[in-house]
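Peer 1: My questions will all concern the structure given below.
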Amino acid sequence: MAAIPVNLVIDKGAHFDTSFYITNQDGTPLDMSGYIGEATMKKSYSATTKVPFTLSFVDRTLGHVQIALTSSESDALNRRRYVYDILLTSPNGYKTRVIEGLAEVNPGVS
């Protein structure tokens with residue numbers, strides 16, 4: 001399964017969260033029972049410093065995951081574009097990047 005490209009906009013200093021429904025190639029929900037996952041972003045693909053999202057399995061049987069940043073975490077980000085992805089590991093250790101894209105951090109006025 002190839003990663004689906006999805007770009008994000010994160011407001012600096014505000015709580016951020018977004019959800020995804022992961023499906024099999026035939027369109028049925030991916031049952032993520034027993035899966036573990038991680039979601040991170042970096043300034044570039046070659047950067048060594050990662051910024052982790054909090055990844056939650058909202059409904060494993062429906063393939064529903066959520067990534068989030070607290071307002072403090074988003075406030076610590078620089079105004080710029082980052083790259084990010086969501087990586088899932090199946091119970092048998094098979095790793096799949098399911099979502100990837102750009103995350104643009106916008107400054108706030110307030």
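By convention here, the chains of the structure tokens are called A, B, ... in the order presented, each chain's residues are numbered starting at 1, and ligands are numbered starting at 1 in the order presented.
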As a PDB file with N, CA, C and O atoms, in the first residue's frame, please: the residues near Leu8 of chain A (cut-off 8 Å, only C-alpha atoms, same-chain neighbours under 2 positions excluded).
Peer 2:
ATOM      1  N   VAL A   6      -1.375  13.803   2.101  1.00  0.00           N
ATOM      2  CA  VAL A   6      -2.328  14.730   2.711  1.00  0.00           C
ATOM      3  C   VAL A   6      -1.519  15.856   3.339  1.00  0.00           C
ATOM      4  O   VAL A   6      -0.674  15.606   4.202  1.00  0.00           O
ATOM      5  N   ILE A  10      -1.170  23.782  10.431  1.00  0.00           N
ATOM      6  CA  ILE A  10      -1.142  23.813  11.894  1.00  0.00           C
ATOM      7  C   ILE A  10      -1.023  25.265  12.330  1.00  0.00           C
ATOM      8  O   ILE A  10      -0.105  25.971  11.912  1.00  0.00           O
ATOM      9  N   GLY A 101       2.982  13.819   3.930  1.00  0.00           N
ATOM     10  CA  GLY A 101       2.746  15.105   3.290  1.00  0.00           C
ATOM     11  C   GLY A 101       3.515  16.230   3.938  1.00  0.00           C
ATOM     12  O   GLY A 101       4.484  16.021   4.671  1.00  0.00           O
ATOM     13  N   LEU A 102       3.056  17.437   3.632  1.00  0.00           N
ATOM     14  CA  LEU A 102       3.640  18.654   4.191  1.00  0.00           C
ATOM     15  C   LEU A 102       2.760  19.140   5.328  1.00  0.00           C
ATOM     16  O   LEU A 102       1.530  19.021   5.273  1.00  0.00           O
ATOM     17  N   ALA A 103       3.374  19.719   6.336  1.00  0.00           N
ATOM     18  CA  ALA A 103       2.661  20.340   7.447  1.00  0.00           C
ATOM     19  C   ALA A 103       3.144  21.776   7.518  1.00  0.00           C
ATOM     20  O   ALA A 103       4.310  22.025   7.828  1.00  0.00           O
ATOM     21  N   GLU A 104       2.265  22.707   7.208  1.00  0.00           N
ATOM     22  CA  GLU A 104       2.624  24.121   7.234  1.00  0.00           C
ATOM     23  C   GLU A 104       2.177  24.727   8.556  1.00  0.00           C
ATOM     24  O   GLU A 104       1.009  24.608   8.941  1.00  0.00           O
TER      25      GLU A 104
END
Peer 1: Go through chain A and collect every residue that DSSP, computed from the backbone, puts in strand (DSSP E or B); the answer should be as a ChimeraX atom specification.
Peer 2: /A:4-5,8-11,16-21,23,29,36-42,51-52,54-59,64-69,81-89,95-106
Peer 1: With only C-alpha atoms as the atoms that count, which of A:Thr89, A:Asn106, A:Thr40, A:Thr48 lies nearest to Leu69 of chain A?
Peer 2: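 The answer is A:Thr40, which sits nearest to Leu69 of chain A.
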Peer 1: Which residues are close to Val58 of chain A, i.e. within 12 Å by only C-alpha atoms, leaving aside same-chain residues fewer than 6 positions away? Reply as a list in words.
Peer 2: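 The neighbour list is Thr18, Ser19, Phe20, Tyr21, Ile22, Asp31, Met32, Ser33, His64, Val65, Gln66 and Ile67 of chain A.
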Peer 1: Restricting it to N, CA and C atoms, dump the selection as an mmCIF file, in the first residue's frame.
Peer 2:
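As written to disk, part26.cif reads:
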data_model
loop_
_atom_site.group_PDB
_atom_site.id
_atom_site.type_symbol
_atom_site.label_atom_id
_atom_site.label_comp_id
_atom_site.auth_asym_id
_atom_site.auth_seq_id
_atom_site.Cartn_x
_atom_site.Cartn_y
_atom_site.Cartn_z
ATOM 1 N N THR A 18 -6.301 15.990 13.850
ATOM 2 C CA THR A 18 -6.982 15.580 12.630
ATOM 3 C C THR A 18 -7.071 14.063 12.632
ATOM 4 N N SER A 19 -8.090 13.550 11.960
ATOM 5 C CA SER A 19 -8.339 12.111 11.919
ATOM 6 C C SER A 19 -8.223 11.579 10.504
ATOM 7 N N PHE A 20 -7.884 10.304 10.422
ATOM 8 C CA PHE A 20 -7.802 9.602 9.151
ATOM 9 C C PHE A 20 -8.471 8.245 9.289
ATOM 10 N N TYR A 21 -9.086 7.800 8.214
ATOM 11 C CA TYR A 21 -9.617 6.441 8.127
ATOM 12 C C TYR A 21 -8.734 5.687 7.147
ATOM 13 N N ILE A 22 -8.045 4.668 7.638
ATOM 14 C CA ILE A 22 -7.122 3.889 6.825
ATOM 15 C C ILE A 22 -7.879 2.693 6.257
ATOM 16 N N ASP A 31 -8.381 -3.287 9.670
ATOM 17 C CA ASP A 31 -8.513 -3.658 11.077
ATOM 18 C C ASP A 31 -7.125 -3.542 11.705
ATOM 19 N N MET A 32 -6.947 -2.573 12.583
ATOM 20 C CA MET A 32 -5.643 -2.294 13.177
ATOM 21 C C MET A 32 -5.496 -2.881 14.575
ATOM 22 N N SER A 33 -6.247 -3.947 14.849
ATOM 23 C CA SER A 33 -6.106 -4.632 16.136
ATOM 24 C C SER A 33 -4.676 -5.145 16.256
ATOM 25 N N HIS A 64 -9.610 3.891 12.133
ATOM 26 C CA HIS A 64 -9.683 5.311 12.471
ATOM 27 C C HIS A 64 -8.543 5.694 13.418
ATOM 28 N N VAL A 65 -7.642 6.573 12.939
ATOM 29 C CA VAL A 65 -6.546 7.081 13.762
ATOM 30 C C VAL A 65 -6.625 8.603 13.838
ATOM 31 N N GLN A 66 -6.040 9.149 14.878
ATOM 32 C CA GLN A 66 -5.995 10.596 15.062
ATOM 33 C C GLN A 66 -4.577 10.993 15.445
ATOM 34 N N ILE A 67 -4.123 12.130 14.906
ATOM 35 C CA ILE A 67 -2.849 12.707 15.346
ATOM 36 C C ILE A 67 -3.142 14.064 15.958
#
Peer 1: Atom CA of Leu77 of chain A and atom CA of Thr96 of chain A are how many Å apart?
Peer 2: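 Distance reported for this atom pair: 26.7 Å.
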Peer 1: Name the residues in contact with Lys95 of chain A at a cut-off of 12 Å, using only C-alpha atoms, excluding same-chain residues fewer than 5 positions from it; report them as JSON, numbers by chain.
Peer 2: {"A": [1, 2, 3, 35, 36, 37, 38, 86, 87, 88, 89, 90]}
Peer 1: Output N, CA and C atoms for every residue in the selection just made, as a compact mmCIF listing (two decimals), in the first residue's frame.
Peer 2:
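Now in out23.txt:
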# COMPACT_ATOMS: atom_id res chain seq x y z
N MET A 1 0.85 -1.17 0.00
CA MET A 1 0.00 0.00 0.00
C MET A 1 0.90 1.24 0.00
N ALA A 2 0.67 2.12 -0.94
CA ALA A 2 1.44 3.37 -1.01
C ALA A 2 0.83 4.40 -0.07
N ALA A 3 1.68 5.23 0.48
CA ALA A 3 1.21 6.28 1.39
C ALA A 3 0.34 7.28 0.64
N TYR A 35 -1.98 -3.38 16.14
CA TYR A 35 -1.01 -2.50 15.48
C TYR A 35 -0.46 -1.48 16.48
N ILE A 36 0.74 -1.00 16.19
CA ILE A 36 1.28 0.17 16.87
C ILE A 36 1.56 1.21 15.80
N GLY A 37 1.63 2.46 16.19
CA GLY A 37 1.84 3.50 15.20
C GLY A 37 2.64 4.65 15.74
N GLU A 38 3.19 5.42 14.82
CA GLU A 38 3.88 6.65 15.18
C GLU A 38 3.66 7.67 14.09
N ILE A 86 2.80 9.12 8.85
CA ILE A 86 2.23 8.20 9.83
C ILE A 86 2.68 6.80 9.43
N LEU A 87 3.34 6.12 10.36
CA LEU A 87 3.88 4.79 10.11
C LEU A 87 3.19 3.80 11.04
N LEU A 88 2.61 2.75 10.46
CA LEU A 88 1.96 1.71 11.24
C LEU A 88 2.79 0.43 11.18
N THR A 89 2.82 -0.29 12.31
CA THR A 89 3.50 -1.57 12.38
C THR A 89 2.47 -2.63 12.77
N SER A 90 2.33 -3.64 11.90
CA SER A 90 1.35 -4.71 12.14
C SER A 90 1.86 -5.64 13.24
Peer 1: For Lys50 of chain A, please output as an mmCIF file with N, CA, C and O atoms, in the first residue's frame all residues within 9 Å (counting only C-alpha atoms; exclusion window: fewer than 4 positions along the same chain).
Peer 2:
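Output contents, as saved in around-v1.cif:
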data_model
loop_
_atom_site.group_PDB
_atom_site.id
_atom_site.type_symbol
_atom_site.label_atom_id
_atom_site.label_comp_id
_atom_site.auth_asym_id
_atom_site.auth_seq_id
_atom_site.Cartn_x
_atom_site.Cartn_y
_atom_site.Cartn_z
ATOM 1 N N THR A 40 5.349 11.496 13.010
ATOM 2 C CA THR A 40 6.367 12.502 13.305
ATOM 3 C C THR A 40 6.492 13.472 12.142
ATOM 4 O O THR A 40 6.089 13.179 11.017
ATOM 5 N N MET A 41 7.052 14.640 12.456
ATOM 6 C CA MET A 41 7.384 15.583 11.398
ATOM 7 C C MET A 41 8.805 16.073 11.620
ATOM 8 O O MET A 41 9.326 16.038 12.735
ATOM 9 N N LYS A 42 9.409 16.519 10.509
ATOM 10 C CA LYS A 42 10.778 17.020 10.532
ATOM 11 C C LYS A 42 10.868 18.214 9.586
ATOM 12 O O LYS A 42 10.019 18.389 8.715
ATOM 13 N N LYS A 43 11.919 19.001 9.755
ATOM 14 C CA LYS A 43 12.122 20.172 8.892
ATOM 15 C C LYS A 43 12.400 19.763 7.452
ATOM 16 O O LYS A 43 12.079 20.502 6.525
#
Peer 1: Pick from A:Asp85, A:Glu73, A:Gly108, A:Tyr94: nearest to Pro5 of chain A, with only C-alpha atoms counted?
Peer 2: A:Asp85
Peer 1: What is the atom CA of Phe16 of chain A-atom CA of Thr70 of chain A distance in Å, reported with one decimal?
Peer 2: 6.5 Å
Peer 1: Show me, as number ranges by chain, the residues that have an atom within 8 Å of Asp75 of chain A when counting only C-alpha atoms, minus same-chain residues fewer than 3 positions from it.
Peer 2: A: 12-14, 71-72, 78
Peer 1: Can those selected residues be exported to a file as an mmCIF file, in the first residue's frame so that it contains all heavy atoms?
Peer 2:
data_model
loop_
_atom_site.group_PDB
_atom_site.id
_atom_site.type_symbol
_atom_site.label_atom_id
_atom_site.label_comp_id
_atom_site.auth_asym_id
_atom_site.auth_seq_id
_atom_site.Cartn_x
_atom_site.Cartn_y
_atom_site.Cartn_z
ATOM 1 N N LYS A 12 0.041 27.900 14.830
ATOM 2 C CA LYS A 12 1.011 28.014 15.929
ATOM 3 C C LYS A 12 0.307 28.482 17.194
ATOM 4 O O LYS A 12 -0.472 29.431 17.185
ATOM 5 C CB LYS A 12 2.109 28.999 15.518
ATOM 6 C CG LYS A 12 3.245 29.127 16.510
ATOM 7 C CD LYS A 12 4.335 30.020 15.924
ATOM 8 C CE LYS A 12 5.433 30.323 16.893
ATOM 9 N NZ LYS A 12 6.207 29.164 17.288
ATOM 10 N N GLY A 13 0.536 27.776 18.302
ATOM 11 C CA GLY A 13 -0.036 28.152 19.588
ATOM 12 C C GLY A 13 -1.441 27.653 19.830
ATOM 13 O O GLY A 13 -2.021 27.932 20.874
ATOM 14 N N ALA A 14 -2.003 26.893 18.886
ATOM 15 C CA ALA A 14 -3.358 26.364 19.034
ATOM 16 C C ALA A 14 -3.307 24.838 19.071
ATOM 17 O O ALA A 14 -2.391 24.220 18.542
ATOM 18 C CB ALA A 14 -4.244 26.818 17.880
ATOM 19 N N SER A 71 -1.433 22.802 22.404
ATOM 20 C CA SER A 71 -1.142 24.196 22.059
ATOM 21 C C SER A 71 0.308 24.549 22.396
ATOM 22 O O SER A 71 0.960 25.292 21.663
ATOM 23 C CB SER A 71 -2.113 25.146 22.765
ATOM 24 O OG SER A 71 -2.064 24.967 24.162
ATOM 25 N N SER A 72 0.838 23.991 23.471
ATOM 26 C CA SER A 72 2.244 24.235 23.829
ATOM 27 C C SER A 72 3.189 23.627 22.793
ATOM 28 O O SER A 72 4.206 24.233 22.442
ATOM 29 C CB SER A 72 2.564 23.643 25.197
ATOM 30 O OG SER A 72 1.797 24.277 26.193
ATOM 31 N N ASN A 78 8.506 26.384 14.646
ATOM 32 C CA ASN A 78 8.818 27.564 13.843
ATOM 33 C C ASN A 78 7.816 27.688 12.705
ATOM 34 O O ASN A 78 7.295 26.688 12.221
ATOM 35 C CB ASN A 78 10.230 27.444 13.247
ATOM 36 C CG ASN A 78 11.296 27.460 14.303
ATOM 37 O OD1 ASN A 78 11.203 28.181 15.288
ATOM 38 N ND2 ASN A 78 12.322 26.653 14.120
#
Peer 1: Find the distance between atom CA of Ala76 of chain A and atom CA of Ile4 of chain A and write it in Å to one decimal.
Peer 2: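 Interatomic distance here is 27.1 Å.
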Peer 1: Which one is closest to Leu55 of chain A: A:Thr28, A:Asp17, A:Val109, A:Val83? Count only C-alpha atoms.
Peer 2: A:Asp17
Peer 1: Could you tell me which of A:Thr61, A:Thr49, A:Asn92, A:Ser74 comes closest to His15 of chain A if we count only C-alpha atoms?
Peer 2: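 Looking only at the distances to His15 of chain A, the closest residue turns out to be A:Ser74.
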